[in-house]
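Asks: So I've got this file, coords28.txt, and it contains compact mmCIF, C-alpha atoms and all ligand atoms:
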# COMPACT_ATOMS: atom_id res chain seq x y z
CA MET A 246 -72.68 -69.95 -119.25
CA THR A 247 -72.43 -69.73 -123.02
CA ALA A 248 -71.85 -72.69 -125.30
CA ASP A 249 -68.39 -71.25 -126.09
CA ALA A 250 -67.42 -71.19 -122.43
CA ARG A 251 -68.70 -74.74 -121.99
CA GLU A 252 -66.58 -75.81 -124.97
CA LEU A 253 -63.55 -74.02 -123.54
CA ALA A 254 -63.96 -75.82 -120.22
CA ALA A 255 -64.69 -79.18 -121.85
CA HIS A 256 -61.55 -79.08 -124.01
CA PHE A 257 -59.16 -77.67 -121.43
CA ASP A 258 -55.97 -79.70 -121.11
CA LEU A 259 -52.98 -78.32 -119.22
CA GLU A 260 -50.70 -80.34 -121.47
CA ARG A 261 -52.11 -78.81 -124.68
CA LEU A 262 -52.49 -75.09 -124.22
CA THR A 263 -53.13 -72.60 -127.02
CA PRO A 264 -51.10 -69.42 -127.71
CA GLU A 265 -54.22 -67.37 -126.75
CA PHE A 266 -54.23 -69.03 -123.35
CA TYR A 267 -50.69 -67.85 -122.61
CA VAL A 268 -51.68 -64.28 -123.51
CA ASN A 269 -54.84 -64.31 -121.40
CA PRO A 270 -55.74 -67.42 -119.39
CA TYR A 271 -58.55 -65.74 -117.44
CA PRO A 272 -61.51 -66.45 -119.80
CA THR A 273 -60.55 -70.14 -119.67
CA TYR A 274 -60.18 -70.05 -115.90
CA ARG A 275 -63.58 -68.43 -115.63
CA ALA A 276 -65.19 -71.00 -117.93
CA LEU A 277 -63.70 -73.79 -115.82
CA ARG A 278 -64.72 -72.21 -112.51
CA GLU A 279 -68.30 -71.75 -113.68
CA ASN A 280 -68.70 -74.99 -115.56
CA GLU A 281 -66.23 -77.64 -114.35
CA PRO A 282 -64.58 -76.34 -111.17
CA VAL A 283 -63.17 -79.78 -110.37
CA LYS A 284 -62.00 -80.62 -113.88
CA ARG A 285 -60.72 -84.08 -114.74
CA MET A 286 -57.97 -83.82 -117.32
CA PRO A 287 -57.09 -86.37 -119.98
CA ASN A 288 -54.08 -87.56 -117.93
CA GLY A 289 -56.40 -88.37 -114.99
CA SER A 290 -55.36 -85.44 -112.78
CA TYR A 291 -57.76 -82.78 -111.47
CA PHE A 292 -57.60 -79.02 -112.02
CA LEU A 293 -59.23 -76.86 -109.31
CA THR A 294 -60.36 -73.29 -109.94
CA ARG A 295 -62.70 -72.29 -107.06
CA TYR A 296 -61.32 -70.23 -104.18
CA ASP A 297 -62.97 -72.34 -101.46
CA ASP A 298 -61.73 -75.58 -103.00
CA LEU A 299 -58.15 -74.30 -103.06
CA VAL A 300 -58.36 -73.25 -99.42
CA THR A 301 -59.70 -76.71 -98.50
CA ALA A 302 -56.88 -78.40 -100.40
CA TYR A 303 -54.15 -76.15 -98.96
CA LYS A 304 -55.39 -76.70 -95.41
CA ASN A 305 -55.89 -80.48 -95.61
CA THR A 306 -52.27 -81.67 -95.75
CA LYS A 307 -53.31 -85.21 -94.76
CA ALA A 308 -55.30 -85.80 -97.94
CA PHE A 309 -53.47 -83.31 -100.23
CA SER A 310 -49.79 -84.15 -100.01
CA SER A 311 -46.92 -81.94 -101.17
CA ASP A 312 -44.44 -84.82 -101.25
CA LYS A 313 -43.43 -85.20 -104.91
CA LYS A 314 -41.19 -88.28 -104.76
CA ARG A 315 -43.65 -90.55 -106.58
CA GLU A 316 -44.69 -87.94 -109.12
CA PHE A 317 -41.18 -86.73 -109.97
CA ALA A 318 -39.57 -90.18 -110.25
CA PRO A 319 -40.76 -90.82 -113.83
CA LYS A 320 -40.29 -87.15 -114.84
CA TYR A 321 -36.71 -86.72 -113.59
CA GLY A 322 -35.41 -90.30 -113.04
CA ASN A 323 -32.43 -90.69 -110.75
CA SER A 324 -31.06 -87.19 -111.40
CA LEU A 325 -29.88 -84.14 -109.47
CA LEU A 326 -33.10 -82.39 -110.47
CA TYR A 327 -34.96 -85.20 -108.67
CA GLU A 328 -32.72 -84.88 -105.60
CA HIS A 329 -33.19 -81.10 -105.54
CA HIS A 330 -36.94 -80.90 -105.97
CA THR A 331 -37.63 -83.72 -103.50
CA THR A 332 -35.36 -82.26 -100.79
CA SER A 333 -36.65 -78.67 -100.82
CA LEU A 334 -39.20 -77.96 -98.08
CA VAL A 335 -41.99 -76.97 -100.44
CA PHE A 336 -42.22 -80.52 -101.80
CA ASN A 337 -42.30 -82.32 -98.44
CA ASP A 338 -44.95 -83.18 -95.86
CA PRO A 339 -44.74 -83.11 -92.08
CA PRO A 340 -42.65 -84.08 -90.17
CA ALA A 341 -39.73 -83.39 -92.58
CA HIS A 342 -41.42 -80.18 -93.73
CA THR A 343 -42.19 -78.88 -90.23
CA ARG A 344 -38.59 -79.14 -89.06
CA VAL A 345 -37.05 -77.49 -92.13
CA ARG A 346 -39.72 -74.78 -92.23
CA ARG A 347 -39.13 -73.90 -88.59
CA LEU A 348 -35.42 -73.37 -89.30
CA ILE A 349 -36.10 -71.30 -92.43
CA MET A 350 -38.79 -69.17 -90.78
CA GLY A 351 -36.38 -68.54 -87.90
CA ALA A 352 -33.80 -67.29 -90.39
CA LEU A 353 -36.33 -65.10 -92.27
CA SER A 354 -37.37 -63.34 -89.05
CA PRO A 355 -39.09 -59.92 -89.18
CA ARG A 356 -35.83 -58.52 -87.79
CA ALA A 357 -33.73 -60.01 -90.63
CA ILE A 358 -36.19 -58.57 -93.16
CA ALA A 359 -36.36 -55.13 -91.53
CA GLU A 360 -32.53 -55.08 -91.65
CA MET A 361 -32.73 -55.33 -95.45
CA GLU A 362 -34.82 -52.23 -96.09
CA GLY A 363 -31.96 -49.70 -96.26
CA ASP A 364 -29.96 -51.80 -98.77
CA LEU A 365 -33.12 -52.40 -100.80
CA ILE A 366 -33.91 -48.67 -101.09
CA ARG A 367 -30.30 -47.94 -102.13
CA LEU A 368 -30.43 -50.71 -104.72
CA VAL A 369 -33.75 -49.52 -106.21
CA ASP A 370 -32.69 -45.87 -106.30
CA GLY A 371 -29.39 -46.83 -107.96
CA LEU A 372 -31.27 -48.70 -110.70
CA LEU A 373 -33.58 -45.69 -111.18
CA ASP A 374 -30.55 -43.39 -111.52
CA ALA A 375 -29.13 -45.65 -114.23
CA ILE A 376 -32.48 -45.69 -116.08
CA GLU A 377 -32.76 -41.91 -115.85
CA ALA A 378 -29.24 -41.55 -117.25
CA LYS A 379 -30.09 -43.91 -120.12
CA GLY A 380 -33.33 -42.06 -120.94
CA ASP A 381 -35.58 -45.11 -121.38
CA CYS A 382 -35.83 -48.59 -120.00
CA GLU A 383 -36.65 -52.20 -120.49
CA LEU A 384 -38.73 -52.74 -117.38
CA ILE A 385 -37.75 -56.34 -116.71
CA GLY A 386 -34.01 -56.44 -117.46
CA ASP A 387 -33.21 -52.93 -116.23
CA PHE A 388 -35.43 -53.03 -113.18
CA ALA A 389 -37.79 -55.86 -112.10
CA ALA A 390 -35.30 -58.72 -112.58
CA ALA A 391 -32.36 -56.77 -111.23
CA ILE A 392 -33.88 -56.45 -107.74
CA PRO A 393 -34.67 -59.96 -106.38
CA VAL A 394 -31.33 -61.46 -107.38
CA GLU A 395 -29.53 -58.81 -105.35
CA VAL A 396 -31.94 -59.08 -102.43
CA ILE A 397 -31.57 -62.85 -102.11
CA GLY A 398 -27.84 -62.46 -102.74
CA ASN A 399 -27.75 -60.08 -99.74
CA LEU A 400 -29.89 -62.45 -97.69
CA LEU A 401 -27.33 -65.24 -98.11
CA ASP A 402 -24.44 -62.75 -98.31
CA VAL A 403 -23.23 -64.01 -101.69
CA PRO A 404 -20.30 -61.80 -102.80
CA HIS A 405 -21.43 -59.34 -105.49
CA ASP A 406 -19.01 -60.55 -108.14
CA GLU A 407 -20.30 -64.13 -107.75
CA ARG A 408 -23.99 -63.37 -108.34
CA GLU A 409 -24.14 -63.34 -112.11
CA PRO A 410 -24.99 -67.02 -112.73
CA LEU A 411 -27.69 -67.15 -110.03
CA ARG A 412 -30.53 -65.94 -112.22
CA ASP A 413 -29.89 -68.37 -115.06
CA TRP A 414 -29.52 -71.30 -112.67
CA SER A 415 -32.76 -70.33 -111.03
CA LEU A 416 -34.68 -70.00 -114.31
CA ALA A 417 -33.38 -73.37 -115.52
CA ILE A 418 -34.31 -75.22 -112.31
CA LEU A 419 -37.78 -73.68 -112.11
CA GLY A 420 -38.29 -74.13 -115.86
CA ALA A 421 -38.02 -77.88 -115.30
CA LEU A 422 -41.21 -77.67 -113.19
CA GLU A 423 -43.38 -76.78 -116.20
CA PRO A 424 -46.08 -79.43 -116.77
CA VAL A 425 -44.31 -80.77 -119.88
CA ILE A 426 -40.55 -80.50 -120.49
CA GLY A 427 -38.38 -81.64 -123.37
CA PRO A 428 -34.89 -83.18 -123.14
CA GLU A 429 -33.20 -79.78 -123.47
CA ALA A 430 -35.07 -78.21 -120.54
CA PHE A 431 -34.31 -81.33 -118.52
CA ALA A 432 -30.59 -81.16 -119.32
CA ARG A 433 -30.47 -77.42 -118.61
CA GLY A 434 -32.19 -77.92 -115.24
CA ASN A 435 -29.87 -80.74 -114.24
CA THR A 436 -26.71 -78.86 -115.16
CA ALA A 437 -27.99 -75.85 -113.23
CA VAL A 438 -28.51 -77.93 -110.06
CA LYS A 439 -25.00 -79.41 -110.45
CA ASP A 440 -23.34 -76.01 -110.90
CA PHE A 441 -25.41 -74.41 -108.16
CA LEU A 442 -24.54 -77.21 -105.68
CA GLY A 443 -20.86 -76.89 -106.57
CA TYR A 444 -20.97 -73.14 -105.94
CA LEU A 445 -22.89 -73.42 -102.66
CA GLU A 446 -20.54 -76.07 -101.29
CA THR A 447 -17.70 -73.57 -101.60
CA LEU A 448 -19.81 -70.73 -100.14
CA VAL A 449 -20.90 -72.85 -97.15
CA ALA A 450 -17.32 -74.01 -96.50
CA ARG A 451 -16.14 -70.39 -96.51
CA ARG A 452 -18.97 -69.34 -94.18
CA ARG A 453 -18.32 -72.23 -91.78
CA ALA A 454 -14.71 -71.09 -91.57
CA LYS A 455 -15.75 -67.45 -91.11
CA PRO A 456 -19.36 -67.17 -89.85
CA GLY A 457 -21.32 -63.97 -90.48
CA ASN A 458 -23.75 -62.20 -88.16
CA PRO A 459 -26.66 -64.65 -87.69
CA GLU A 460 -29.12 -61.76 -87.20
CA ARG A 461 -28.48 -60.54 -90.74
CA ASP A 462 -27.02 -63.45 -92.63
CA VAL A 463 -29.54 -66.18 -93.32
CA LEU A 464 -26.88 -68.65 -94.47
CA THR A 465 -24.94 -68.38 -91.20
CA ARG A 466 -28.21 -68.79 -89.34
CA LEU A 467 -29.11 -71.90 -91.33
CA ILE A 468 -25.64 -73.39 -90.80
CA LEU A 469 -25.75 -72.76 -87.04
CA GLY A 470 -29.36 -73.98 -86.65
CA GLU A 471 -31.54 -73.26 -83.63
CA ALA A 472 -30.48 -72.87 -80.01
CA THR A 473 -32.30 -76.17 -79.36
CA GLY A 474 -29.61 -77.92 -81.39
CA GLU A 475 -31.91 -78.49 -84.36
CA ARG A 476 -30.01 -78.28 -87.68
CA LEU A 477 -30.35 -79.00 -91.36
CA THR A 478 -28.34 -81.90 -92.75
CA ALA A 479 -25.64 -80.93 -95.29
CA LYS A 480 -27.89 -82.02 -98.18
CA GLU A 481 -30.94 -80.20 -96.78
CA LEU A 482 -28.90 -77.05 -96.29
CA LEU A 483 -27.63 -76.90 -99.88
CA HIS A 484 -30.92 -77.77 -101.58
CA ASN A 485 -32.95 -75.42 -99.39
CA CYS A 486 -30.54 -72.56 -100.10
CA ILE A 487 -31.06 -73.23 -103.81
CA PHE A 488 -34.78 -73.28 -103.17
CA LEU A 489 -34.69 -69.96 -101.30
CA LEU A 490 -32.78 -68.35 -104.14
CA ASN A 491 -35.22 -69.77 -106.68
CA ALA A 492 -38.39 -69.07 -104.71
CA GLY A 493 -37.51 -65.42 -104.37
CA HIS A 494 -36.38 -64.70 -107.94
CA GLU A 495 -38.87 -65.11 -110.70
CA THR A 496 -41.91 -64.70 -108.46
CA THR A 497 -40.79 -61.29 -107.21
CA THR A 498 -39.57 -60.18 -110.65
CA ASN A 499 -43.05 -60.98 -111.91
CA LEU A 500 -44.76 -59.10 -109.09
CA ILE A 501 -42.81 -55.93 -109.95
CA GLY A 502 -43.13 -56.35 -113.74
CA ASN A 503 -46.80 -57.38 -113.70
CA GLY A 504 -47.58 -54.61 -111.22
CA LEU A 505 -46.02 -51.81 -113.30
CA VAL A 506 -47.66 -53.13 -116.50
CA ALA A 507 -51.07 -53.39 -114.76
CA LEU A 508 -50.78 -49.79 -113.54
CA SER A 509 -49.85 -48.63 -117.01
CA ASN A 510 -52.87 -50.47 -118.45
CA HIS A 511 -55.18 -48.90 -115.84
CA PRO A 512 -54.42 -45.15 -116.00
CA THR A 513 -57.11 -44.17 -113.48
CA GLU A 514 -55.65 -46.53 -110.88
CA LYS A 515 -52.16 -45.26 -111.70
CA GLN A 516 -53.25 -41.65 -111.08
CA ARG A 517 -54.99 -42.74 -107.89
CA LEU A 518 -51.73 -44.23 -106.57
CA ILE A 519 -49.72 -41.17 -107.60
CA GLY A 520 -52.25 -38.99 -105.74
CA ASP A 521 -52.22 -41.19 -102.64
CA PRO A 522 -48.87 -43.03 -102.32
CA LEU A 523 -49.98 -44.61 -99.03
CA LEU A 524 -52.22 -46.87 -101.12
CA ILE A 525 -49.09 -48.82 -102.13
CA ARG A 526 -49.79 -51.52 -99.51
CA THR A 527 -53.23 -52.45 -100.85
CA ALA A 528 -52.01 -51.83 -104.42
CA VAL A 529 -49.33 -54.53 -104.07
CA GLU A 530 -51.95 -56.97 -102.72
CA GLU A 531 -54.17 -56.21 -105.71
CA MET A 532 -51.26 -56.76 -108.12
CA LEU A 533 -50.62 -60.11 -106.45
CA ARG A 534 -54.28 -61.04 -106.82
CA PHE A 535 -54.93 -59.69 -110.30
CA GLU A 536 -51.87 -61.16 -112.06
CA SER A 537 -50.54 -63.73 -109.61
CA SER A 538 -46.89 -64.41 -110.38
CA ASN A 539 -47.24 -68.03 -109.38
CA GLN A 540 -50.42 -69.27 -111.04
CA LEU A 541 -50.37 -72.99 -110.24
CA GLY A 542 -49.74 -75.17 -107.23
CA ASN A 543 -49.68 -78.95 -107.06
CA ARG A 544 -50.75 -81.60 -104.59
CA MET A 545 -51.13 -85.39 -104.64
CA ILE A 546 -54.23 -87.04 -103.17
CA VAL A 547 -53.03 -89.57 -100.62
CA GLU A 548 -56.35 -90.49 -99.07
CA GLU A 549 -59.75 -90.56 -100.78
CA VAL A 550 -61.43 -87.17 -100.52
CA GLU A 551 -64.53 -85.42 -101.91
CA LEU A 552 -64.48 -81.95 -103.42
CA GLY A 553 -67.34 -80.24 -105.27
CA GLY A 554 -69.31 -83.50 -105.19
CA ILE A 555 -66.48 -85.43 -106.87
CA ARG A 556 -64.69 -88.27 -105.10
CA MET A 557 -60.98 -88.24 -105.80
CA GLN A 558 -58.96 -91.40 -105.26
CA ALA A 559 -55.57 -91.70 -103.58
CA GLY A 560 -52.77 -91.50 -106.13
CA THR A 561 -54.43 -88.73 -108.17
CA PRO A 562 -52.43 -85.54 -108.87
CA VAL A 563 -54.24 -82.20 -108.41
CA THR A 564 -53.38 -78.76 -109.80
CA LEU A 565 -54.49 -75.78 -107.72
CA CYS A 566 -55.11 -72.82 -109.98
CA ILE A 567 -54.26 -69.73 -107.95
CA GLY A 568 -54.85 -67.47 -110.98
CA ALA A 569 -58.47 -68.68 -111.21
CA ALA A 570 -59.20 -68.70 -107.45
CA ASN A 571 -57.97 -65.12 -107.20
CA ARG A 572 -60.71 -64.05 -109.60
CA ASP A 573 -63.51 -66.04 -108.00
CA PRO A 574 -66.55 -63.74 -107.59
CA ALA A 575 -67.64 -65.80 -104.57
CA GLN A 576 -64.64 -64.30 -102.74
CA PHE A 577 -63.85 -61.07 -104.62
CA PRO A 578 -66.64 -58.66 -105.66
CA ASP A 579 -66.15 -57.55 -109.26
CA PRO A 580 -63.06 -59.78 -109.61
CA GLU A 581 -62.03 -58.68 -113.12
CA LYS A 582 -61.66 -55.11 -111.90
CA PHE A 583 -58.16 -53.92 -110.95
CA ASP A 584 -58.81 -51.90 -107.79
CA ILE A 585 -55.69 -50.77 -105.92
CA GLY A 586 -57.72 -49.97 -102.80
CA ARG A 587 -59.42 -53.37 -102.62
CA ALA A 588 -60.03 -54.44 -99.01
CA PRO A 589 -60.43 -57.07 -97.78
CA ASN A 590 -58.22 -58.90 -100.27
CA ARG A 591 -57.52 -62.40 -99.00
CA HIS A 592 -55.88 -63.58 -102.21
CA LEU A 593 -54.03 -66.87 -102.50
CA ALA A 594 -50.95 -65.58 -104.35
CA PHE A 595 -48.83 -66.80 -101.44
CA ALA A 596 -51.07 -69.89 -100.95
CA THR A 597 -52.34 -70.59 -97.41
CA GLY A 598 -51.93 -73.26 -94.72
CA ALA A 599 -48.76 -75.14 -93.76
CA HIS A 600 -46.81 -74.20 -96.91
CA GLN A 601 -47.82 -70.55 -97.13
CA CYS A 602 -44.95 -68.59 -98.65
CA ALA A 603 -42.14 -68.23 -96.11
CA GLY A 604 -40.82 -65.14 -97.93
CA MET A 605 -44.04 -63.17 -98.29
CA ALA A 606 -43.01 -60.34 -95.96
CA LEU A 607 -39.85 -59.88 -98.00
CA ALA A 608 -41.72 -60.10 -101.32
CA ARG A 609 -44.23 -57.48 -100.15
CA LEU A 610 -41.43 -55.17 -99.05
CA GLU A 611 -39.61 -55.56 -102.39
CA GLY A 612 -42.81 -54.99 -104.36
CA ALA A 613 -43.82 -51.91 -102.36
CA ILE A 614 -40.41 -50.22 -102.51
CA ALA A 615 -39.71 -51.05 -106.16
CA ILE A 616 -43.12 -49.96 -107.46
CA SER A 617 -43.57 -46.87 -105.29
CA HIS A 618 -40.06 -45.55 -106.03
CA PHE A 619 -40.43 -46.21 -109.77
CA LEU A 620 -43.73 -44.37 -109.85
CA ALA A 621 -42.43 -41.44 -107.79
CA ARG A 622 -39.42 -41.03 -110.13
CA PHE A 623 -41.21 -41.63 -113.45
CA PRO A 624 -44.92 -40.78 -112.96
CA ASN A 625 -45.38 -40.44 -116.74
CA TYR A 626 -43.88 -43.80 -117.66
CA ALA A 627 -45.66 -45.60 -120.50
CA LEU A 628 -45.15 -48.81 -122.44
CA SER A 629 -43.37 -48.03 -125.70
CA GLY A 630 -43.89 -51.35 -127.47
CA ASP A 631 -45.61 -54.69 -127.01
CA PRO A 632 -44.52 -56.47 -123.84
CA VAL A 633 -43.15 -59.98 -124.44
CA ARG A 634 -44.60 -62.69 -122.20
CA GLY A 635 -42.46 -65.34 -120.53
CA GLY A 636 -44.42 -68.14 -122.23
CA ARG A 637 -44.89 -70.11 -119.05
CA VAL A 638 -48.09 -71.23 -117.47
CA ARG A 639 -46.90 -71.70 -113.87
CA PHE A 640 -44.94 -68.46 -113.50
CA ARG A 641 -46.82 -65.59 -115.12
CA GLY A 642 -44.74 -62.61 -116.10
CA PHE A 643 -42.92 -60.80 -118.89
CA LEU A 644 -39.54 -61.36 -120.47
CA ARG A 645 -39.26 -57.85 -121.90
CA VAL A 646 -41.29 -54.67 -121.48
CA PRO A 647 -40.09 -51.65 -123.51
CA CYS A 648 -40.91 -48.51 -121.62
CA ALA A 649 -40.59 -44.74 -122.06
CA ILE A 650 -39.98 -42.87 -118.82
CA GLY A 651 -41.64 -39.62 -119.92
C1 LIG A 701 -44.22 -62.26 -105.22
C2 LIG A 701 -43.36 -63.11 -104.76
C3 LIG A 701 -43.69 -64.50 -104.29
C4 LIG A 701 -44.78 -65.28 -104.57
C5 LIG A 701 -46.00 -64.95 -105.44
C6 LIG A 701 -44.59 -66.53 -103.84
C7 LIG A 701 -45.50 -67.58 -103.85
C8 LIG A 701 -45.37 -68.73 -103.11
C9 LIG A 701 -46.35 -69.80 -103.06
C10 LIG A 701 -47.68 -69.82 -103.82
C11 LIG A 701 -45.88 -70.76 -102.20
C12 LIG A 701 -46.59 -72.06 -101.80
C13 LIG A 701 -46.20 -73.20 -102.69
C14 LIG A 701 -47.02 -74.45 -102.42
O1 LIG A 701 -47.06 -74.95 -101.30
O2 LIG A 701 -47.64 -74.96 -103.35
C15 LIG A 701 -44.58 -70.30 -101.74
C16 LIG A 701 -43.77 -71.00 -100.89
C17 LIG A 701 -42.53 -70.57 -100.48
N1 LIG A 701 -41.93 -69.36 -100.76
FE1 LIG A 701 -42.69 -67.87 -101.86
N2 LIG A 701 -43.39 -66.47 -103.17
C18 LIG A 701 -42.81 -65.25 -103.42
C19 LIG A 701 -41.60 -64.79 -102.93
C20 LIG A 701 -40.78 -65.49 -102.08
C21 LIG A 701 -39.52 -65.00 -101.54
C22 LIG A 701 -38.93 -63.61 -101.79
C23 LIG A 701 -38.99 -66.02 -100.79
C24 LIG A 701 -37.72 -66.12 -100.00
C25 LIG A 701 -36.93 -65.24 -99.65
C26 LIG A 701 -39.94 -67.12 -100.82
C27 LIG A 701 -39.77 -68.31 -100.16
C28 LIG A 701 -40.70 -69.33 -100.13
C29 LIG A 701 -40.50 -70.57 -99.39
C30 LIG A 701 -39.29 -70.94 -98.54
C31 LIG A 701 -41.65 -71.35 -99.61
C32 LIG A 701 -41.93 -72.75 -99.10
C33 LIG A 701 -42.73 -72.72 -97.85
C34 LIG A 701 -43.13 -74.10 -97.37
O3 LIG A 701 -43.19 -75.04 -98.15
O4 LIG A 701 -43.38 -74.21 -96.18
N3 LIG A 701 -41.00 -66.76 -101.62
N4 LIG A 701 -44.30 -69.06 -102.28
Spell out the structure here as structure tokens.
Ligand code: HEM
Replies:
Amino acid sequence: MTADARELAAHFDLERLTPEFYVNPYPTYRALRENEPVKRMPNGSYFLTRYDDLVTAYKNTKAFSSDKKREFAPKYGNSLLYEHHTTSLVFNDPPAHTRVRRLIMGALSPRAIAEMEGDLIRLVDGLLDAIEAKGDCELIGDFAAAIPVEVIGNLLDVPHDEREPLRDWSLAILGALEPVIGPEAFARGNTAVKDFLGYLETLVARRRAKPGNPERDVLTRLILGEATGERLTAKELLHNCIFLLNAGHETTTNLIGNGLVALSNHPTEKQRLIGDPLLIRTAVEEMLRFESSNQLGNRMIVEEVELGGIRMQAGTPVTLCIGAANRDPAQFPDPEKFDIGRAPNRHLAFATGAHQCAGMALARLEGAIAISHFLARFPNYALSGDPVRGGRVRFRGFLRVPCAIG
């Protein structure tokens, strides 16, 4: 541990990040992991960077709560943003969480996901045709971001001509989860929840009047509930539909964008995948590990607990740094190496435990089809300018990536 790394760890504050950190947070994560893995921040919260500590926190839902009502009250006040974020399943504990999760997992069944593959391939190939016709591409707008919005739109069967605002609503609502937000981001987030709720109320009313096929249409399935009679309340239904749309958007866009940029930056691994396309499964896992699209998770300590020799009191917020845990050498040999054949690869990009991503099978399918089809069509693709980062710490990805298709 050098003096520089010690300094980096000592001065780390999630509320005061440097421009260099946004470009490359990994040296800081490493310094923290090696020097202060259970880091107390100036605001009194803890920042965890070791793989084993994250697993402990994710699995101990009694001490590490996901319920954000207390934490979000001062941040959002009595607003629609507050109502949304405290009603979605990800920010609740059992028993509320267990019931909603069961209904959502039932709707995202392997069968429902397998049903999507044909549409997904058509969508991806259509985008590739348009890129080929244009002669070059902007990887995010023309490709990575164009996929998840359609996939989730299909999942809830949102009519095609009504999908346009979904992405902006989603970005505004998730943007309000950044550690620090100004009045503009707050207002944007709130307006987005209001507009989104208004739209979904109409969509749900239409679907109640004319139900779809519950095997394919997740919204119909959520409206009908389980055969046992278990159902979401009207408020739970709307906010969890918003959450599904949001959870599947930016994260999956970032998986596809980060994955294609990582391949381009590692030409040997790119050639390896071109030579052996069956490696796509482990390649997607490595992309999720190496540049995790969702870098931070949050929990609140609700009963005193010890981690890494440090006793943490009830009422203390904790940030779980997935980006750091996924490069922990105690779990991943040679963690800074991008190795598309890495196995085993038990990364935490989808978290673990009770809240493990409910859409991970769908995300993996989207990532595998998008990346493998792009590579098969444009094996000589190369970045043609500097990629522009999204400038967020929680969701790591690019806003724009100019690309030549060769
Ligand atoms: C690469 C893409 C994705 C990544 C990296 C990702 C990551 C995550 C993570 C880390 C969590 C746990 C949050 C926490 O408890 O702190 C989560 C939860 C969740 N994700 Fe994903 N996700 C992705 C795609 C999707 C998609 C496509 C969907 C839906 C179709 C989805 C639906 C959900 C849901 C419903 C939860 C909440 C589960 C619960 O609280 O029980 N995700 N995701």
Asks: For atom CA of A:Thr263 and atom CA of A:Ala417, determine how far apart the two atoms are, in Å to one decimal place.
Replies: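 Between atom CA of A:Thr263 and atom CA of A:Ala417 the gap works out to 22.9 Å.
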Asks: Taking into account all atoms listed in the file, which residue in the set A:Arg461, A:Arg466, A:Lys480, A:Arg641 is nearest to ligand LIG 701 (chain A)?
Replies: A:Arg641
Asks: What separation in Å, quoted to one decimal, exists between atom CA of A:Asn288 and atom CA of A:Met557?
Replies: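 So the answer is 14.0 Å.
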Asks: For ligand LIG 701 (chain A), return the neighbouring residues as a ChimeraX atom specification (distance at most 6 Å; only C-alpha atoms and all ligand atoms).
Replies: /A:334-335,346,489,492-493,496-497,500,538-539,542-543,594-596,599-605,607-608
Asks: Write out as a ChimeraX atom specification the residues lying within 9 Å of A:Ile468, counting all atoms listed in the file and excluding same-chain residues fewer than 5 positions away.
Replies: /A:449,452-453,456,463,476-477,479,482
